[in-house]
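Novice: So here's protein.cif, just mmCIF, C-alpha atoms:
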```cif
data_query
loop_
_atom_site.label_atom_id
_atom_site.label_comp_id
_atom_site.auth_asym_id
_atom_site.auth_seq_id
_atom_site.Cartn_x
_atom_site.Cartn_y
_atom_site.Cartn_z
CA MET P 1 52.99 14.98 -2.35
CA GLY P 2 55.42 15.94 0.40
CA THR P 3 55.68 19.52 1.60
CA ASN P 4 58.64 18.69 3.79
CA LEU P 5 61.30 16.15 2.99
CA LEU P 6 63.72 15.05 5.69
CA PHE P 7 67.19 13.61 5.15
CA VAL P 8 68.02 10.65 7.39
CA PRO P 9 71.49 9.04 7.35
CA GLY P 10 71.08 5.64 5.72
CA ASN P 11 73.51 3.77 7.96
CA ASN P 12 72.17 4.87 11.34
CA PRO P 13 69.69 2.31 12.75
CA ALA P 14 68.39 4.63 15.48
CA MET P 15 67.35 7.22 12.91
CA VAL P 16 66.30 4.79 10.20
CA GLN P 17 63.84 2.95 12.44
CA ASN P 18 62.37 6.15 13.89
CA ALA P 19 62.18 8.06 10.60
CA GLY P 20 58.43 7.64 10.31
CA ILE P 21 57.67 9.59 13.48
CA LEU P 22 59.89 12.63 12.94
CA GLY P 23 57.21 14.79 11.32
CA ALA P 24 58.29 14.56 7.68
CA ASP P 25 55.90 14.04 4.78
CA THR P 26 58.68 12.29 2.89
CA VAL P 27 61.74 10.72 4.47
CA ILE P 28 64.91 10.65 2.36
CA PHE P 29 67.19 7.83 3.51
CA ASP P 30 70.59 8.97 2.38
CA LEU P 31 73.01 6.53 0.80
CA GLU P 32 75.10 9.30 -0.75
CA ASP P 33 76.85 12.01 1.28
CA ALA P 34 75.87 10.63 4.70
CA VAL P 35 77.58 7.28 4.06
CA SER P 36 81.32 6.86 3.49
CA GLY P 37 82.60 4.75 0.60
CA GLU P 38 83.54 1.74 2.72
CA GLN P 39 80.13 1.67 4.44
CA LYS P 40 77.94 1.75 1.31
CA ASP P 41 77.35 -2.04 1.45
CA ALA P 42 76.35 -1.90 5.12
CA ALA P 43 73.94 1.00 4.60
CA ARG P 44 72.32 -0.62 1.57
CA LYS P 45 71.76 -3.82 3.52
CA LEU P 46 70.42 -1.96 6.56
CA LEU P 47 67.92 -0.03 4.45
CA LYS P 48 66.80 -3.13 2.58
CA MET P 49 66.07 -4.91 5.88
CA ALA P 50 64.40 -1.82 7.35
CA LEU P 51 62.13 -1.32 4.34
CA GLU P 52 61.14 -4.97 4.42
CA SER P 53 60.27 -5.00 8.11
CA ILE P 54 59.26 -1.53 9.32
CA THR P 55 55.94 0.11 8.55
CA TYR P 56 56.44 3.79 7.89
CA GLU P 57 52.90 5.01 8.44
CA GLY P 58 51.98 8.56 7.67
CA CYS P 59 55.00 9.37 5.54
CA GLU P 60 56.45 8.42 2.22
CA THR P 61 59.83 6.76 1.99
CA SER P 62 62.52 7.63 -0.50
CA VAL P 63 66.21 6.97 -0.88
CA ARG P 64 68.90 9.27 -2.18
CA ILE P 65 70.98 6.85 -4.20
CA ASN P 66 74.57 7.54 -5.15
CA ALA P 67 75.34 9.62 -8.21
CA MET P 68 75.50 8.00 -11.62
CA ASP P 69 79.23 8.68 -11.95
CA THR P 70 79.93 6.29 -9.03
CA PRO P 71 80.05 2.46 -8.97
CA TYR P 72 77.23 2.35 -6.40
CA TRP P 73 74.08 3.83 -7.92
CA GLU P 74 72.77 0.86 -9.86
CA MET P 75 72.99 -1.52 -6.93
CA ASP P 76 71.43 1.11 -4.63
CA LEU P 77 68.54 1.52 -7.02
CA LYS P 78 67.82 -2.18 -7.51
CA ILE P 79 68.07 -3.15 -3.86
CA VAL P 80 65.85 -0.41 -2.47
CA ALA P 81 63.33 -0.61 -5.32
CA GLU P 82 62.97 -4.35 -4.79
CA ALA P 83 62.67 -3.87 -1.02
CA GLY P 84 59.75 -1.49 -1.52
CA ILE P 85 60.37 2.23 -1.65
CA ASP P 86 57.98 5.02 -2.65
CA GLY P 87 60.55 7.17 -4.46
CA LEU P 88 64.15 7.81 -5.38
CA ILE P 89 66.14 11.02 -5.17
CA ILE P 90 68.68 11.19 -7.99
CA PRO P 91 71.68 13.38 -7.09
CA LYS P 92 73.71 15.50 -9.50
CA ALA P 93 71.02 15.35 -12.18
CA GLU P 94 72.25 17.12 -15.30
CA HIS P 95 70.58 15.44 -18.26
CA GLY P 96 67.08 14.13 -18.91
CA LYS P 97 68.49 11.00 -20.56
CA ASP P 98 70.04 9.89 -17.25
CA ILE P 99 66.66 10.10 -15.56
CA GLU P 100 65.12 8.17 -18.46
CA ARG P 101 67.74 5.47 -17.94
CA ILE P 102 66.80 5.11 -14.28
CA SER P 103 63.14 5.06 -15.20
CA ASP P 104 63.81 2.27 -17.73
CA ILE P 105 65.60 0.20 -15.10
CA LEU P 106 62.70 0.66 -12.68
CA ASP P 107 60.34 -0.55 -15.42
CA THR P 108 62.09 -3.93 -15.26
CA ILE P 109 61.78 -4.32 -11.48
CA PRO P 110 58.61 -6.10 -10.31
CA GLY P 111 56.60 -3.98 -7.92
CA ALA P 112 58.41 -0.76 -8.83
CA ASP P 113 55.62 0.57 -11.08
CA GLY P 114 54.68 3.38 -8.74
CA VAL P 115 58.19 4.48 -7.73
CA PHE P 116 58.52 8.23 -8.26
CA LEU P 117 61.71 10.10 -9.08
CA ILE P 118 62.92 13.44 -7.78
CA PRO P 119 66.08 14.55 -9.59
CA LEU P 120 68.34 16.68 -7.41
CA VAL P 121 69.57 19.59 -9.50
CA GLU P 122 72.77 20.90 -7.93
CA SER P 123 75.12 22.08 -10.64
CA ALA P 124 75.30 24.88 -13.17
CA LEU P 125 74.59 22.43 -15.99
CA GLY P 126 71.69 20.86 -14.10
CA VAL P 127 70.08 24.25 -13.57
CA GLU P 128 70.51 25.05 -17.27
CA ASN P 129 68.82 21.75 -18.19
CA VAL P 130 66.11 21.73 -15.55
CA TYR P 131 63.11 21.57 -17.89
CA GLY P 132 64.59 18.63 -19.80
CA ILE P 133 65.24 16.85 -16.52
CA ALA P 134 61.78 17.62 -15.13
CA SER P 135 60.02 16.38 -18.27
CA SER P 136 62.23 13.35 -18.91
CA SER P 137 59.94 10.66 -17.46
CA LYS P 138 56.40 10.23 -16.24
CA ARG P 139 57.95 9.00 -13.01
CA VAL P 140 59.39 12.45 -12.23
CA ARG P 141 57.24 13.96 -9.52
CA GLY P 142 59.36 16.94 -8.73
CA VAL P 143 62.69 18.65 -9.08
CA PHE P 144 64.76 19.31 -5.99
CA PHE P 145 67.24 22.18 -5.84
CA GLY P 146 70.54 21.55 -4.04
CA ALA P 147 72.08 24.93 -3.30
CA GLU P 148 75.26 23.88 -1.49
CA ASP P 149 76.82 22.00 -4.42
CA TYR P 150 75.35 24.50 -6.88
CA THR P 151 77.03 27.52 -5.28
CA ALA P 152 80.33 25.62 -5.10
CA ASP P 153 79.96 24.82 -8.81
CA ILE P 154 79.35 28.42 -9.88
CA GLY P 155 81.97 29.78 -7.48
CA ALA P 156 79.58 31.79 -5.32
CA VAL P 157 79.67 32.18 -1.56
CA ARG P 158 76.65 30.58 0.12
CA THR P 159 74.84 33.01 2.38
CA LYS P 160 71.77 32.85 4.59
CA GLY P 161 70.15 35.61 2.57
CA GLY P 162 70.44 33.46 -0.54
CA GLU P 163 70.94 36.26 -3.08
CA GLU P 164 73.46 34.06 -4.88
CA ILE P 165 70.82 31.38 -5.56
CA LEU P 166 67.90 33.61 -6.49
CA TRP P 167 68.27 33.11 -10.24
CA ALA P 168 68.68 29.34 -9.93
CA ARG P 169 65.68 29.07 -7.62
CA GLY P 170 63.56 30.95 -10.13
CA ARG P 171 64.75 28.75 -12.97
CA ILE P 172 64.01 25.58 -10.99
CA VAL P 173 60.47 26.75 -10.18
CA ASN P 174 59.92 27.76 -13.80
CA GLY P 175 61.30 24.51 -15.25
CA ALA P 176 59.25 22.42 -12.83
CA ALA P 177 56.06 24.37 -13.53
CA ALA P 178 56.58 24.12 -17.30
CA ALA P 179 56.92 20.34 -16.94
CA GLY P 180 53.95 20.12 -14.57
CA VAL P 181 55.92 18.76 -11.62
CA GLU P 182 56.72 19.98 -8.12
CA ALA P 183 59.62 22.23 -7.17
CA ILE P 184 61.37 21.33 -3.90
CA ASP P 185 63.64 23.89 -2.28
CA THR P 186 67.11 23.34 -0.85
CA PRO P 187 67.47 22.68 2.93
CA PHE P 188 68.21 25.51 5.33
CA THR P 189 71.38 24.14 6.86
CA ASP P 190 71.64 26.09 10.13
CA VAL P 191 69.76 23.72 12.40
CA GLU P 192 69.63 26.15 15.33
CA ASP P 193 68.40 29.24 13.44
CA ILE P 194 64.63 28.75 13.42
CA GLU P 195 63.92 32.40 12.61
CA GLY P 196 66.24 32.14 9.60
CA LEU P 197 64.47 28.94 8.54
CA LYS P 198 61.10 30.68 8.71
CA LYS P 199 62.28 33.59 6.58
CA ASP P 200 63.92 31.32 4.03
CA THR P 201 60.89 28.99 3.81
CA LEU P 202 58.39 31.84 3.42
CA PHE P 203 60.56 33.26 0.64
CA ALA P 204 60.78 29.87 -1.11
CA LYS P 205 57.00 29.53 -0.98
CA ALA P 206 56.57 33.03 -2.38
CA LEU P 207 58.89 32.11 -5.26
CA GLY P 208 56.59 29.21 -6.14
CA PHE P 209 58.24 26.22 -4.51
CA ASP P 210 55.86 23.42 -3.46
CA GLY P 211 57.95 22.15 -0.57
CA LYS P 212 61.32 22.23 1.12
CA ALA P 213 63.84 19.67 2.29
CA SER P 214 65.48 19.68 5.70
CA VAL P 215 68.43 18.09 7.43
CA SER P 216 66.93 18.16 10.92
CA PRO P 217 63.63 16.89 12.34
CA ARG P 218 63.48 20.21 14.20
CA HIS P 219 62.71 21.91 10.88
CA CYS P 220 59.88 19.63 9.74
CA GLY P 221 57.03 21.21 11.69
CA LEU P 222 57.67 24.77 10.59
CA ILE P 223 58.19 23.84 6.94
CA ARG P 224 54.95 21.89 6.96
CA GLU P 225 53.09 24.71 8.67
CA ILE P 226 54.24 27.18 6.02
CA PHE P 227 53.64 25.00 2.97
CA TYR P 228 50.59 23.08 4.10
CA PRO P 229 47.44 24.95 3.10
CA GLY P 230 45.05 26.11 5.82
CA ASP P 231 41.51 24.67 6.14
CA GLU P 232 39.94 27.76 4.60
CA GLU P 233 42.34 27.63 1.67
CA ILE P 234 41.52 23.95 1.08
CA ARG P 235 37.76 24.55 1.30
CA TYR P 236 38.05 27.43 -1.17
CA ALA P 237 40.08 25.28 -3.58
CA ILE P 238 37.51 22.47 -3.44
CA ARG P 239 34.72 24.97 -4.17
CA VAL P 240 36.67 26.36 -7.13
CA ILE P 241 37.16 22.93 -8.68
CA ASP P 242 33.56 21.88 -7.99
CA THR P 243 32.27 25.10 -9.57
CA VAL P 244 34.40 24.69 -12.69
CA LYS P 245 33.37 21.05 -13.05
CA GLU P 246 29.72 22.02 -12.71
CA ALA P 247 30.11 24.79 -15.31
CA GLU P 248 31.69 22.31 -17.72
CA LYS P 249 28.92 19.81 -17.13
CA THR P 250 26.16 22.32 -17.77
CA GLY P 251 27.91 23.73 -20.82
CA LYS P 252 28.55 27.17 -19.32
CA GLY P 253 31.41 28.87 -21.09
CA VAL P 254 32.57 30.74 -18.04
CA ALA P 255 32.46 29.63 -14.43
CA SER P 256 31.94 32.15 -11.67
CA MET P 257 31.94 31.94 -7.91
CA ASP P 258 31.01 34.62 -5.37
CA GLY P 259 30.46 37.01 -8.26
CA ARG P 260 33.96 36.50 -9.61
CA MET P 261 35.00 34.82 -12.82
CA ILE P 262 37.11 31.71 -12.30
CA ASP P 263 39.88 31.82 -14.85
CA LYS P 264 42.75 29.48 -15.50
CA PRO P 265 45.22 30.87 -12.92
CA ILE P 266 42.62 30.49 -10.16
CA VAL P 267 41.98 26.89 -11.16
CA LEU P 268 45.67 26.08 -11.33
CA ARG P 269 46.24 27.65 -7.93
CA ALA P 270 43.34 25.64 -6.49
CA LEU P 271 44.80 22.45 -7.92
CA LYS P 272 48.15 23.28 -6.38
CA VAL P 273 46.51 23.80 -2.97
CA LEU P 274 44.75 20.44 -3.20
CA ARG P 275 47.97 18.75 -4.24
CA ALA P 276 49.79 20.31 -1.29
CA ALA P 277 47.03 19.09 1.01
CA GLY P 278 47.41 15.57 -0.35
CA ILE P 279 43.92 15.61 -1.90
CA LYS P 280 43.79 13.64 -5.12
CA GLU P 281 42.11 15.58 -7.91
CA ASP P 282 42.19 14.36 -11.49
CA PHE P 283 40.55 17.47 -12.94
CA ARG P 284 42.47 18.89 -15.90
CA TYR P 285 41.85 22.44 -17.03
CA GLU P 286 41.30 22.53 -20.80
CA MET T 1 99.98 -14.60 11.13
CA GLU T 2 96.87 -12.46 11.74
CA LYS T 3 93.55 -14.30 11.58
CA ARG T 4 91.28 -13.44 8.68
CA ASN T 5 88.43 -11.28 9.98
CA ALA T 6 85.74 -8.78 8.99
CA LYS T 7 83.43 -6.45 10.87
CA ALA T 8 80.26 -4.41 10.45
CA GLY T 9 78.14 -2.04 12.51
CA SER T 10 79.00 0.20 15.43
CA LEU T 11 78.60 0.63 19.17
CA GLU T 12 76.05 3.42 18.74
CA SER T 13 72.64 3.11 20.37
CA SER T 14 70.27 0.75 18.47
CA ASP T 15 73.21 -0.70 16.54
CA LEU T 16 75.58 -3.61 17.11
CA LEU T 17 79.18 -4.36 16.26
CA VAL T 18 79.77 -7.72 14.62
CA VAL T 19 83.26 -9.17 14.17
CA ILE T 20 83.82 -12.43 12.33
CA GLU T 21 87.10 -14.26 12.76
CA GLU T 22 88.42 -17.35 11.12
CA ASN T 23 88.68 -20.26 13.57
CA LYS T 24 91.40 -22.83 13.66
CA PRO T 25 90.88 -25.80 11.30
CA GLY T 26 88.52 -28.32 12.83
CA GLU T 27 86.89 -25.86 15.24
CA GLU T 28 83.15 -25.35 15.09
CA LEU T 29 81.03 -22.26 14.70
CA GLU T 30 81.32 -20.17 17.86
CA ILE T 31 79.09 -17.23 18.76
CA VAL T 32 80.07 -14.84 21.56
CA MET T 33 77.43 -12.27 22.37
CA HIS T 34 77.13 -9.35 24.79
CA SER T 35 74.02 -7.18 24.80
CA ILE T 36 72.48 -4.48 26.94
CA VAL T 37 69.27 -6.49 26.62
CA GLU T 38 70.92 -9.86 26.99
CA LYS T 39 68.54 -11.17 29.65
CA GLN T 40 65.51 -10.71 27.42
CA TYR T 41 66.88 -11.00 23.89
CA GLY T 42 70.25 -12.73 24.17
CA ASP T 43 69.01 -16.11 22.95
CA ARG T 44 67.22 -14.49 20.04
CA ILE T 45 70.36 -12.66 18.87
CA VAL T 46 72.41 -15.86 19.00
CA GLN T 47 69.65 -17.69 17.12
CA ILE T 48 69.69 -15.07 14.32
CA ALA T 49 73.48 -15.25 14.03
CA HIS T 50 73.35 -19.04 13.92
CA GLU T 51 70.63 -19.03 11.25
CA ILE T 52 72.52 -16.67 8.96
CA ALA T 53 75.84 -18.47 9.40
CA THR T 54 74.16 -21.77 8.55
CA GLN T 55 72.45 -20.27 5.50
CA LYS T 56 75.77 -18.95 4.26
CA GLY T 57 77.61 -22.16 5.07
CA LEU T 58 80.06 -20.49 7.46
CA ALA T 59 81.02 -23.25 9.88
CA ASN T 60 84.59 -22.52 10.85
CA VAL T 61 84.24 -19.00 12.26
CA ARG T 62 83.92 -17.15 15.53
CA ILE T 63 81.20 -14.46 15.59
CA LEU T 64 81.61 -11.75 18.20
CA ILE T 65 78.57 -9.55 18.78
CA GLN T 66 78.35 -6.45 20.95
CA ASP T 67 74.74 -5.32 20.86
CA ARG T 68 73.45 -1.87 21.84
CA GLY T 69 69.74 -2.64 21.72
CA ALA T 70 69.35 -3.24 17.98
CA LEU T 71 66.09 -4.48 16.47
CA ASP T 72 65.92 -7.71 14.46
CA TYR T 73 66.29 -6.02 11.06
CA ALA T 74 69.51 -4.29 12.13
CA ILE T 75 70.89 -7.45 13.73
CA ARG T 76 70.32 -9.36 10.51
CA ALA T 77 71.71 -6.55 8.36
CA ARG T 78 74.93 -6.20 10.34
CA ILE T 79 75.58 -9.93 10.63
CA GLU T 80 74.96 -10.46 6.91
CA THR T 81 77.19 -7.51 6.00
CA ALA T 82 80.00 -8.81 8.22
CA MET T 83 79.69 -12.27 6.70
CA GLU T 84 79.65 -10.96 3.15
CA ARG T 85 82.73 -8.86 3.90
CA PHE T 86 84.40 -11.92 5.43
CA GLU T 87 83.65 -13.95 2.31
CA ARG T 88 85.02 -11.16 0.10
CA GLY T 89 88.16 -11.04 2.25
CA LEU T 90 87.63 -7.43 3.35
#
```
Just give me the structure of the file as structure tokens.
Specialist:
Amino acid sequence: MGTNLLFVPGNNPAMVQNAGILGADTVIFDLEDAVSGEQKDAARKLLKMALESITYEGCETSVRINAMDTPYWEMDLKIVAEAGIDGLIIPKAEHGKDIERISDILDTIPGADGVFLIPLVESALGVENVYGIASSSKRVRGVFFGAEDYTADIGAVRTKGGEEILWARGRIVNGAAAAGVEAIDTPFTDVEDIEGLKKDTLFAKALGFDGKASVSPRHCGLIREIFYPGDEEIRYAIRVIDTVKEAEKTGKGVASMDGRMIDKPIVLRALKVLRAAGIKEDFRYE
Amino acid sequence: MEKRNAKAGSLESSDLLVVIEENKPGEELEIVMHSIVEKQYGDRIVQIAHEIATQKGLANVRILIQDRGALDYAIRARIETAMERFERGL
């Protein structure tokens, strides 16, 4: 999974070719807002060629395609999926059936089996429907909250404190958790305000978000630092899972570690830590 | 009458600006290239432009390239985009 996702303008060669070394877990090449209508063809072609020739080591690649109410999205999707992309960000997601449709198209593209989807929920209707969106396809890996468009849609003033998005953030986290997928928080848009970024990111983590997007490489390190679990946390999580597995194997009804019972919330938290650390763990708590 | 033409790219660092113009009837493919790395990569850029023009069957055009240190993938992408726009009459 990616704890920090970085937007990179899709029609800027200097940024596209250096995207892998900017410190992001997941790069989001943007074909939507960062590219004007008359340059969509150029950006699509540039990304196709980049994906086919550049090795992005150490980070996942994804593309924010254009919204499904535009004439561009289907061509975006096919070209980048065929060129080899790890995931797609679907803007203005409002209904699970739209995500299903994209998933069905990907099913027909050779080599796109593993392409994950992250719907971007950024409207009042999208927030209302977040669980349906999050659970619409097995390809959905997470739900991403877009606060700028959302606040415009509900008629609220966007502030650094974020009081106006508190309810929506909670609903996103809840919908994602209910569907068993990640919740990705909205970017902090003041590139210069690192203290504000820290406060906002710590708050997002406390709310239950699994990661946060950013619009500047300057934000990647701090977001990663906050969301990425520490060594001790990872070691503890591994011990928890090992202990529960051992208890299951030996037929013990209840697992305990360090004199403390390991119940479901502890296991789920441990699994979340391992996921955040990029450690694959197939254990399912029954 | 203005010559039919199309362009793609920019003069930003790591990019290139490609302009394709219709030549007079009977004239051959012409490639004019300026690059900040012309001494080392000039021939390569011309070769890529020639390859793509041949693949697309564009023989009667003038291709003007101003390169700002673009890598191969970007050179190909911009030239192909300009040619596709030219063919679509954009």
Novice: Name the residues that the PyMOL selection byres ((chain T) within 10 of (chain P)) picks from the file above, as a PyMOL selection string, using the file's chain letters and numbers.
Specialist: chain T and resi 8-10+12-16+69-82+84-85
Novice: Would you pick out the contacts of P:Ile109 at 12 Å or less, using all atoms listed in the file, so that residues sharing its chain but fewer than 3 positions from it are not included, and give the list as a ChimeraX atom specification?
Specialist: /P:77-85,102-106,112-115
Novice: Could you name the residues that touch T:Glu87 at 10 Å or less, counting all atoms listed in the file, but leaving out those on the same chain fewer than 5 positions away, as a PyMOL selection string?
Specialist: chain T and resi 4-6+56+58+81-82
Novice: May I have the centre and edge lengths, in Å to one decimal, of an axis-aligned box around the listed atoms of stretch 5-19 of chain P with 4 Å added to every side, as AutoDock Vina command-line options?
Specialist:
```
--center_x 67.4 --center_y 9.2 --center_z 9.2 --size_x 20.2 --size_y 21.8 --size_z 20.5
```
Novice: Quick one: distance from atom CA of T:His34 to atom CA of T:Gln55 in Å, one decimal?
Specialist: 22.7 Å
Novice: What is the distance, in Å and to one decimal place, between atom CA of P:Asp185 and atom CA of P:Ile266?
Specialist: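 Spanning atom CA of P:Asp185 to atom CA of P:Ile266 is a straight-line distance of 23.4 Å.
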Novice: Check what the PyMOL selection byres ((chain P and resi 188) around 10) selects in the file above and give those residues as a ChimeraX atom specification.
Specialist: /P:147-148,160,185-187,189-191,193-194,196-198,200-201,212-216,219
Novice: What's the separation between atom CA of P:Asp153 and atom CA of P:Leu31, in Å to one decimal place?
Specialist: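 Answer for the atom CA of P:Asp153 to atom CA of P:Leu31 separation: 21.8 Å.
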Novice: So, with all atoms listed in the file as the atoms that count, which of P:Ala277, P:Ala206, P:Ala134, P:Ala124 lies closest to P:Glu182?
Specialist: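 The shortest atom-to-atom distance to P:Glu182 comes from P:Ala134.
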Novice: Using all atoms listed in the file, which protein or nucleic acid residues come within 12 Å of P:Thr70? Drop anything in the same chain fewer than 5 positions from it, and give the result as a CSV table (one decimal) with C-alpha atoms, in the frame of the given file.
Specialist:
```
chain,number,residue,atom,x,y,z
P,32,GLU,CA,75.1,9.3,-0.8
P,37,GLY,CA,82.6,4.8,0.6
P,40,LYS,CA,77.9,1.8,1.3
P,65,ILE,CA,71.0,6.8,-4.2
P,75,MET,CA,73.0,-1.5,-6.9
P,76,ASP,CA,71.4,1.1,-4.6
P,91,PRO,CA,71.7,13.4,-7.1
P,92,LYS,CA,73.7,15.5,-9.5
```
Novice: Check the smallest atom-to-atom distance from each of T:Glu22, T:Leu11, T:Leu17, T:Val46 to T:Val61 using only C-alpha atoms, then report the winner.
Specialist: T:Glu22
